[in-house]
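K.L.:
PDB, N, CA and C atoms, file work19.pdb:
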MODEL        1
ATOM      1  N   MET A   1    -133.855-109.680 162.635  1.00  0.00           N
ATOM      2  CA  MET A   1    -132.502-109.233 162.449  1.00  0.00           C
ATOM      3  C   MET A   1    -131.768-110.240 161.560  1.00  0.00           C
ATOM      4  N   TYR A   2    -130.942-109.756 160.633  1.00  0.00           N
ATOM      5  CA  TYR A   2    -130.232-110.588 159.673  1.00  0.00           C
ATOM      6  C   TYR A   2    -128.752-110.700 160.053  1.00  0.00           C
ATOM      7  N   TYR A   3    -128.244-111.928 160.107  1.00  0.00           N
ATOM      8  CA  TYR A   3    -126.822-112.151 160.382  1.00  0.00           C
ATOM      9  C   TYR A   3    -126.192-112.796 159.159  1.00  0.00           C
ATOM     10  N   SER A   4    -125.244-112.131 158.584  1.00  0.00           N
ATOM     11  CA  SER A   4    -124.560-112.664 157.410  1.00  0.00           C
ATOM     12  C   SER A   4    -123.507-113.684 157.838  1.00  0.00           C
ATOM     13  N   ARG A   5    -123.368-114.729 157.080  1.00  0.00           N
ATOM     14  CA  ARG A   5    -122.344-115.731 157.369  1.00  0.00           C
ATOM     15  C   ARG A   5    -120.971-115.322 156.843  1.00  0.00           C
ATOM     16  N   LYS A   6    -120.966-114.293 156.024  1.00  0.00           N
ATOM     17  CA  LYS A   6    -119.690-113.827 155.488  1.00  0.00           C
ATOM     18  C   LYS A   6    -118.891-113.150 156.583  1.00  0.00           C
ATOM     19  N   ARG A   7    -117.641-113.503 156.639  1.00  0.00           N
ATOM     20  CA  ARG A   7    -116.748-112.878 157.601  1.00  0.00           C
ATOM     21  C   ARG A   7    -115.870-111.884 156.866  1.00  0.00           C
ATOM     22  N   PRO A   8    -115.385-110.890 157.567  1.00  0.00           N
ATOM     23  CA  PRO A   8    -114.498-109.932 156.899  1.00  0.00           C
ATOM     24  C   PRO A   8    -113.232-110.611 156.393  1.00  0.00           C
ATOM     25  N   VAL A   9    -112.758-110.167 155.246  1.00  0.00           N
ATOM     26  CA  VAL A   9    -111.555-110.743 154.646  1.00  0.00           C
ATOM     27  C   VAL A   9    -110.346-110.326 155.468  1.00  0.00           C
ATOM     28  N   GLU A  10    -109.529-111.311 155.840  1.00  0.00           N
ATOM     29  CA  GLU A  10    -108.334-111.030 156.621  1.00  0.00           C
ATOM     30  C   GLU A  10    -107.236-110.488 155.719  1.00  0.00           C
ATOM     31  N   ASP A  11    -106.426-109.624 156.268  1.00  0.00           N
ATOM     32  CA  ASP A  11    -105.257-109.136 155.553  1.00  0.00           C
ATOM     33  C   ASP A  11    -104.148-110.169 155.680  1.00  0.00           C
ATOM     34  N   VAL A  12    -103.808-110.836 154.590  1.00  0.00           N
ATOM     35  CA  VAL A  12    -102.771-111.852 154.602  1.00  0.00           C
ATOM     36  C   VAL A  12    -101.453-111.180 154.229  1.00  0.00           C
ATOM     37  N   PRO A  13    -100.427-111.326 155.073  1.00  0.00           N
ATOM     38  CA  PRO A  13     -99.165-110.638 154.795  1.00  0.00           C
ATOM     39  C   PRO A  13     -98.408-111.260 153.626  1.00  0.00           C
ATOM     40  N   ASN A  14     -97.856-110.416 152.773  1.00  0.00           N
ATOM     41  CA  ASN A  14     -96.985-110.856 151.686  1.00  0.00           C
ATOM     42  C   ASN A  14     -95.545-110.642 152.108  1.00  0.00           C
ATOM     43  N   GLU A  15     -94.658-111.493 151.609  1.00  0.00           N
ATOM     44  CA  GLU A  15     -93.246-111.317 151.902  1.00  0.00           C
ATOM     45  C   GLU A  15     -92.422-111.777 150.704  1.00  0.00           C
ATOM     46  N   LEU A  16     -91.215-111.261 150.606  1.00  0.00           N
ATOM     47  CA  LEU A  16     -90.308-111.660 149.544  1.00  0.00           C
ATOM     48  C   LEU A  16     -89.870-113.087 149.830  1.00  0.00           C
ATOM     49  N   THR A  17     -90.162-114.012 148.914  1.00  0.00           N
ATOM     50  CA  THR A  17     -89.969-115.437 149.127  1.00  0.00           C
ATOM     51  C   THR A  17     -89.012-116.013 148.100  1.00  0.00           C
ATOM     52  N   ALA A  18     -88.090-116.865 148.542  1.00  0.00           N
ATOM     53  CA  ALA A  18     -87.171-117.545 147.638  1.00  0.00           C
ATOM     54  C   ALA A  18     -87.946-118.621 146.877  1.00  0.00           C
ATOM     55  N   VAL A  19     -87.805-118.630 145.550  1.00  0.00           N
ATOM     56  CA  VAL A  19     -88.492-119.603 144.698  1.00  0.00           C
ATOM     57  C   VAL A  19     -87.515-120.160 143.666  1.00  0.00           C
ATOM     58  N   TRP A  20     -87.897-121.280 143.074  1.00  0.00           N
ATOM     59  CA  TRP A  20     -87.199-121.844 141.918  1.00  0.00           C
ATOM     60  C   TRP A  20     -88.072-121.567 140.707  1.00  0.00           C
ATOM     61  N   SER A  21     -87.509-120.962 139.656  1.00  0.00           N
ATOM     62  CA  SER A  21     -88.244-120.643 138.437  1.00  0.00           C
ATOM     63  C   SER A  21     -87.680-121.438 137.274  1.00  0.00           C
ATOM     64  N   CYS A  22     -88.561-121.875 136.382  1.00  0.00           N
ATOM     65  CA  CYS A  22     -88.154-122.647 135.209  1.00  0.00           C
ATOM     66  C   CYS A  22     -87.372-121.757 134.245  1.00  0.00           C
ATOM     67  N   THR A  23     -86.337-122.337 133.611  1.00  0.00           N
ATOM     68  CA  THR A  23     -85.512-121.583 132.671  1.00  0.00           C
ATOM     69  C   THR A  23     -86.091-121.570 131.261  1.00  0.00           C
ATOM     70  N   ASP A  24     -87.055-122.431 130.963  1.00  0.00           N
ATOM     71  CA  ASP A  24     -87.680-122.482 129.638  1.00  0.00           C
ATOM     72  C   ASP A  24     -88.605-121.277 129.462  1.00  0.00           C
ATOM     73  N   ASP A  25     -88.412-120.511 128.402  1.00  0.00           N
ATOM     74  CA  ASP A  25     -89.210-119.311 128.159  1.00  0.00           C
ATOM     75  C   ASP A  25     -90.691-119.608 127.929  1.00  0.00           C
ATOM     76  N   ASN A  26     -91.016-120.810 127.451  1.00  0.00           N
ATOM     77  CA  ASN A  26     -92.406-121.178 127.164  1.00  0.00           C
ATOM     78  C   ASN A  26     -93.124-121.787 128.364  1.00  0.00           C
ATOM     79  N   CYS A  27     -92.410-121.955 129.479  1.00  0.00           N
ATOM     80  CA  CYS A  27     -92.984-122.580 130.672  1.00  0.00           C
ATOM     81  C   CYS A  27     -93.101-121.547 131.787  1.00  0.00           C
ATOM     82  N   LYS A  28     -94.188-121.616 132.537  1.00  0.00           N
ATOM     83  CA  LYS A  28     -94.409-120.685 133.642  1.00  0.00           C
ATOM     84  C   LYS A  28     -94.218-121.363 134.999  1.00  0.00           C
ATOM     85  N   GLY A  29     -93.534-122.508 135.012  1.00  0.00           N
ATOM     86  CA  GLY A  29     -93.375-123.282 136.242  1.00  0.00           C
ATOM     87  C   GLY A  29     -92.486-122.610 137.271  1.00  0.00           C
ATOM     88  N   TRP A  30     -92.880-122.719 138.541  1.00  0.00           N
ATOM     89  CA  TRP A  30     -92.070-122.251 139.658  1.00  0.00           C
ATOM     90  C   TRP A  30     -92.535-122.970 140.910  1.00  0.00           C
ATOM     91  N   MET A  31     -91.688-122.991 141.941  1.00  0.00           N
ATOM     92  CA  MET A  31     -92.054-123.569 143.232  1.00  0.00           C
ATOM     93  C   MET A  31     -91.309-122.840 144.338  1.00  0.00           C
ATOM     94  N   ARG A  32     -91.913-122.816 145.509  1.00  0.00           N
ATOM     95  CA  ARG A  32     -91.262-122.200 146.656  1.00  0.00           C
ATOM     96  C   ARG A  32     -90.030-123.016 147.025  1.00  0.00           C
ATOM     97  N   ASP A  33     -88.968-122.330 147.427  1.00  0.00           N
ATOM     98  CA  ASP A  33     -87.726-123.001 147.796  1.00  0.00           C
ATOM     99  C   ASP A  33     -87.941-123.936 148.981  1.00  0.00           C
ATOM    100  N   ASN A  34     -88.742-123.530 149.963  1.00  0.00           N
ATOM    101  CA  ASN A  34     -88.922-124.381 151.144  1.00  0.00           C
ATOM    102  C   ASN A  34     -89.876-125.555 150.903  1.00  0.00           C
ATOM    103  N   PHE A  35     -90.430-125.682 149.700  1.00  0.00           N
ATOM    104  CA  PHE A  35     -91.248-126.842 149.335  1.00  0.00           C
ATOM    105  C   PHE A  35     -90.556-127.730 148.294  1.00  0.00           C
ATOM    106  N   ALA A  36     -89.346-127.369 147.881  1.00  0.00           N
ATOM    107  CA  ALA A  36     -88.600-128.166 146.900  1.00  0.00           C
ATOM    108  C   ALA A  36     -88.133-129.458 147.554  1.00  0.00           C
ATOM    109  N   LEU A  37     -88.178-130.548 146.795  1.00  0.00           N
ATOM    110  CA  LEU A  37     -87.789-131.854 147.332  1.00  0.00           C
ATOM    111  C   LEU A  37     -86.325-132.193 147.079  1.00  0.00           C
ATOM    112  N   SER A  38     -85.605-131.337 146.361  1.00  0.00           N
ATOM    113  CA  SER A  38     -84.182-131.567 146.136  1.00  0.00           C
ATOM    114  C   SER A  38     -83.447-130.238 146.190  1.00  0.00           C
ATOM    115  N   VAL A  39     -82.123-130.309 146.255  1.00  0.00           N
ATOM    116  CA  VAL A  39     -81.309-129.109 146.360  1.00  0.00           C
ATOM    117  C   VAL A  39     -81.340-128.317 145.057  1.00  0.00           C
ATOM    118  N   ALA A  40     -81.372-129.016 143.915  1.00  0.00           N
ATOM    119  CA  ALA A  40     -81.460-128.371 142.604  1.00  0.00           C
ATOM    120  C   ALA A  40     -82.597-129.046 141.819  1.00  0.00           C
ATOM    121  N   PRO A  41     -83.837-128.598 142.013  1.00  0.00           N
ATOM    122  CA  PRO A  41     -84.978-129.269 141.381  1.00  0.00           C
ATOM    123  C   PRO A  41     -85.055-129.029 139.872  1.00  0.00           C
ATOM    124  N   VAL A  42     -85.797-129.927 139.202  1.00  0.00           N
ATOM    125  CA  VAL A  42     -86.124-129.732 137.787  1.00  0.00           C
ATOM    126  C   VAL A  42     -87.612-129.400 137.712  1.00  0.00           C
ATOM    127  N   CYS A  43     -87.997-128.716 136.662  1.00  0.00           N
ATOM    128  CA  CYS A  43     -89.386-128.294 136.493  1.00  0.00           C
ATOM    129  C   CYS A  43     -90.287-129.524 136.352  1.00  0.00           C
ATOM    130  N   SER A  44     -91.341-129.564 137.128  1.00  0.00           N
ATOM    131  CA  SER A  44     -92.263-130.706 137.060  1.00  0.00           C
ATOM    132  C   SER A  44     -93.173-130.630 135.839  1.00  0.00           C
ATOM    133  N   LEU A  45     -93.227-129.473 135.180  1.00  0.00           N
ATOM    134  CA  LEU A  45     -94.076-129.325 133.999  1.00  0.00           C
ATOM    135  C   LEU A  45     -93.355-129.694 132.710  1.00  0.00           C
ATOM    136  N   CYS A  46     -92.072-129.270 132.574  1.00  0.00           N
ATOM    137  CA  CYS A  46     -91.375-129.488 131.305  1.00  0.00           C
ATOM    138  C   CYS A  46     -90.016-130.163 131.459  1.00  0.00           C
ATOM    139  N   GLN A  47     -89.610-130.488 132.671  1.00  0.00           N
ATOM    140  CA  GLN A  47     -88.346-131.172 132.976  1.00  0.00           C
ATOM    141  C   GLN A  47     -87.102-130.340 132.662  1.00  0.00           C
ATOM    142  N   SER A  48     -87.226-129.022 132.575  1.00  0.00           N
ATOM    143  CA  SER A  48     -86.078-128.143 132.345  1.00  0.00           C
ATOM    144  C   SER A  48     -85.409-127.803 133.674  1.00  0.00           C
ATOM    145  N   GLU A  49     -84.209-127.207 133.576  1.00  0.00           N
ATOM    146  CA  GLU A  49     -83.514-126.746 134.772  1.00  0.00           C
ATOM    147  C   GLU A  49     -84.295-125.606 135.416  1.00  0.00           C
ATOM    148  N   MET A  50     -84.056-125.400 136.701  1.00  0.00           N
ATOM    149  CA  MET A  50     -84.675-124.286 137.409  1.00  0.00           C
ATOM    150  C   MET A  50     -83.582-123.447 138.057  1.00  0.00           C
ATOM    151  N   VAL A  51     -83.841-122.148 138.191  1.00  0.00           N
ATOM    152  CA  VAL A  51     -82.895-121.237 138.822  1.00  0.00           C
ATOM    153  C   VAL A  51     -83.571-120.565 140.011  1.00  0.00           C
ATOM    154  N   LYS A  52     -82.755-120.190 141.002  1.00  0.00           N
ATOM    155  CA  LYS A  52     -83.290-119.513 142.176  1.00  0.00           C
ATOM    156  C   LYS A  52     -83.615-118.071 141.852  1.00  0.00           C
ATOM    157  N   SER A  53     -84.744-117.606 142.360  1.00  0.00           N
ATOM    158  CA  SER A  53     -85.133-116.203 142.226  1.00  0.00           C
ATOM    159  C   SER A  53     -86.035-115.863 143.400  1.00  0.00           C
ATOM    160  N   GLU A  54     -86.668-114.700 143.362  1.00  0.00           N
ATOM    161  CA  GLU A  54     -87.550-114.277 144.447  1.00  0.00           C
ATOM    162  C   GLU A  54     -88.856-113.732 143.885  1.00  0.00           C
ATOM    163  N   LYS A  55     -89.936-113.942 144.639  1.00  0.00           N
ATOM    164  CA  LYS A  55     -91.259-113.419 144.287  1.00  0.00           C
ATOM    165  C   LYS A  55     -91.924-112.886 145.546  1.00  0.00           C
ATOM    166  N   MET A  56     -92.808-111.923 145.369  1.00  0.00           N
ATOM    167  CA  MET A  56     -93.611-111.425 146.480  1.00  0.00           C
ATOM    168  C   MET A  56     -94.841-112.323 146.579  1.00  0.00           C
ATOM    169  N   LEU A  57     -94.897-113.148 147.633  1.00  0.00           N
ATOM    170  CA  LEU A  57     -95.964-114.130 147.804  1.00  0.00           C
ATOM    171  C   LEU A  57     -96.552-114.066 149.206  1.00  0.00           C
ATOM    172  N   VAL A  58     -97.703-114.694 149.366  1.00  0.00           N
ATOM    173  CA  VAL A  58     -98.333-114.823 150.676  1.00  0.00           C
ATOM    174  C   VAL A  58     -97.444-115.717 151.547  1.00  0.00           C
ATOM    175  N   ALA A  59     -97.265-115.342 152.795  1.00  0.00           N
ATOM    176  CA  ALA A  59     -96.418-116.102 153.711  1.00  0.00           C
ATOM    177  C   ALA A  59     -97.037-117.472 153.993  1.00  0.00           C
ATOM    178  N   VAL A  60     -96.265-118.540 153.764  1.00  0.00           N
ATOM    179  CA  VAL A  60     -96.688-119.913 154.026  1.00  0.00           C
ATOM    180  C   VAL A  60     -95.526-120.627 154.716  1.00  0.00           C
ATOM    181  N   VAL A  61     -95.823-121.418 155.749  1.00  0.00           N
ATOM    182  CA  VAL A  61     -94.785-122.141 156.475  1.00  0.00           C
ATOM    183  C   VAL A  61     -94.901-123.623 156.143  1.00  0.00           C
ATOM    184  N   ASN A  62     -93.772-124.250 155.809  1.00  0.00           N
ATOM    185  CA  ASN A  62     -93.736-125.675 155.520  1.00  0.00           C
ATOM    186  C   ASN A  62     -93.372-126.409 156.807  1.00  0.00           C
ATOM    187  N   THR A  63     -94.287-127.205 157.327  1.00  0.00           N
ATOM    188  CA  THR A  63     -94.047-127.942 158.570  1.00  0.00           C
ATOM    189  C   THR A  63     -93.810-129.428 158.323  1.00  0.00           C
ATOM    190  N   SER A  64     -93.554-129.811 157.084  1.00  0.00           N
ATOM    191  CA  SER A  64     -93.349-131.210 156.736  1.00  0.00           C
ATOM    192  C   SER A  64     -92.026-131.727 157.302  1.00  0.00           C
ATOM    193  N   PRO A  65     -92.025-132.933 157.891  1.00  0.00           N
ATOM    194  CA  PRO A  65     -90.761-133.497 158.368  1.00  0.00           C
ATOM    195  C   PRO A  65     -89.842-133.919 157.230  1.00  0.00           C
ATOM    196  N   ASN A  66     -90.349-134.002 155.990  1.00  0.00           N
ATOM    197  CA  ASN A  66     -89.553-134.402 154.831  1.00  0.00           C
ATOM    198  C   ASN A  66     -88.859-133.222 154.160  1.00  0.00           C
ATOM    199  N   GLN A  67     -88.951-132.048 154.735  1.00  0.00           N
ATOM    200  CA  GLN A  67     -88.359-130.848 154.152  1.00  0.00           C
ATOM    201  C   GLN A  67     -86.848-131.001 154.054  1.00  0.00           C
ATOM    202  N   VAL A  68     -86.276-130.596 152.914  1.00  0.00           N
ATOM    203  CA  VAL A  68     -84.836-130.684 152.680  1.00  0.00           C
ATOM    204  C   VAL A  68     -84.136-129.625 153.527  1.00  0.00           C
ATOM    205  N   LYS A  69     -83.160-130.051 154.329  1.00  0.00           N
ATOM    206  CA  LYS A  69     -82.391-129.111 155.143  1.00  0.00           C
ATOM    207  C   LYS A  69     -81.174-128.686 154.356  1.00  0.00           C
ATOM    208  N   GLN A  70     -80.912-127.366 154.314  1.00  0.00           N
ATOM    209  CA  GLN A  70     -79.767-126.870 153.551  1.00  0.00           C
ATOM    210  C   GLN A  70     -78.688-126.377 154.447  1.00  0.00           C
TER     211      GLN A  70
ENDMDL
END
Please render this file's structure as structure tokens.

P.N.:
Amino acid sequence: MYYSRKRPVEDVPNELTAVWSCTDDNCKGWMRDNFALSVAPVCSLCQSEMVKSEKMLVAVVNTSPNQVKQ
């Protein structure tokens, strides 16, 4: 009898998530709002300003004690 080590793929829930997106048209940088280290972050790729927006992403919880409280 053969037992495969592959497990069935779990359905990971997606949810509308607050993110910061880079304002530079040539940059694709973004970060989740709950992982930002400042209240108004700058893009780590090009150092441009970032604006708040939303994306449909996989649900992730930030449990870091260094998380910025708003």

K.L.:
Determine, counting all atoms listed in the file, which protein, DNA and RNA residues have an atom within 6.5 Å of an atom of region 22-32 of chain A; residues of the same chain fewer than 5 positions away are not included. Present the result as a PDB file with N, CA and C atoms, in the coordinates of the input.

P.N.:
ATOM      1  N   CYS A  43     -87.997-128.716 136.662  1.00  0.00           N
ATOM      2  CA  CYS A  43     -89.386-128.294 136.493  1.00  0.00           C
ATOM      3  C   CYS A  43     -90.287-129.524 136.352  1.00  0.00           C
ATOM      4  N   LEU A  45     -93.227-129.473 135.180  1.00  0.00           N
ATOM      5  CA  LEU A  45     -94.076-129.325 133.999  1.00  0.00           C
ATOM      6  C   LEU A  45     -93.355-129.694 132.710  1.00  0.00           C
ATOM      7  N   SER A  48     -87.226-129.022 132.575  1.00  0.00           N
ATOM      8  CA  SER A  48     -86.078-128.143 132.345  1.00  0.00           C
ATOM      9  C   SER A  48     -85.409-127.803 133.674  1.00  0.00           C
ATOM     10  N   GLU A  49     -84.209-127.207 133.576  1.00  0.00           N
ATOM     11  CA  GLU A  49     -83.514-126.746 134.772  1.00  0.00           C
ATOM     12  C   GLU A  49     -84.295-125.606 135.416  1.00  0.00           C
ATOM     13  N   MET A  50     -84.056-125.400 136.701  1.00  0.00           N
ATOM     14  CA  MET A  50     -84.675-124.286 137.409  1.00  0.00           C
ATOM     15  C   MET A  50     -83.582-123.447 138.057  1.00  0.00           C
ATOM     16  N   VAL A  51     -83.841-122.148 138.191  1.00  0.00           N
ATOM     17  CA  VAL A  51     -82.895-121.237 138.822  1.00  0.00           C
ATOM     18  C   VAL A  51     -83.571-120.565 140.011  1.00  0.00           C
TER      19      VAL A  51
END

K.L.:
Going by the chain IDs and residue numbers used in this file, which residues fall under the PyMOL selection byres (((chain A and resi 4-19 and name CA) around 9) and name CA)? Write them as a list in words.

P.N.:
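Taken over the shown coordinates, the PyMOL selection byres (((chain A and resi 4-19 and name CA) around 9) and name CA) returns Tyr2, Tyr3, Trp20, Ser21, Trp30, Met31, Arg32, Asp33, Asn34, Ala36, Val51, Lys52, Ser53, Glu54, Lys55, Met56, Leu57, Val58 and Ala59 of chain A.
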
K.L.:
Could you please determine the separation between CA of Pro65 (chain A) and CA of Cys46 (chain A) in Å, to one decimal place?

P.N.:
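Distance between the two atoms: 27.4 Å.
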
K.L.:
Report, as lines of an AutoDock Vina configuration file, the centre and edge lengths in Å (one decimal) of the axis-aligned box enclosing every listed atom of region 10-26 of chain A, padded by 6 Å on each side.

P.N.:
center_x = -97.5
center_y = -115.9
center_z = 141.9
size_x = 36.0
size_y = 25.5
size_z = 41.5

K.L.:
Based on the backbone DSSP call, show me all residues of chain A assigned strand (DSSP E), as a PyMOL selection string.

P.N.:
chain A and resi 14-22+30-32+50-58

K.L.:
What does the distance from CA of Val60 (chain A) to CA of Phe35 (chain A) come to in Å, to one decimal?

P.N.:
10.0 Å

K.L.:
Between atom C of Ser44 (chain A) and atom C of Asn62 (chain A), what is the spacing in Å?

P.N.:
21.4 Å
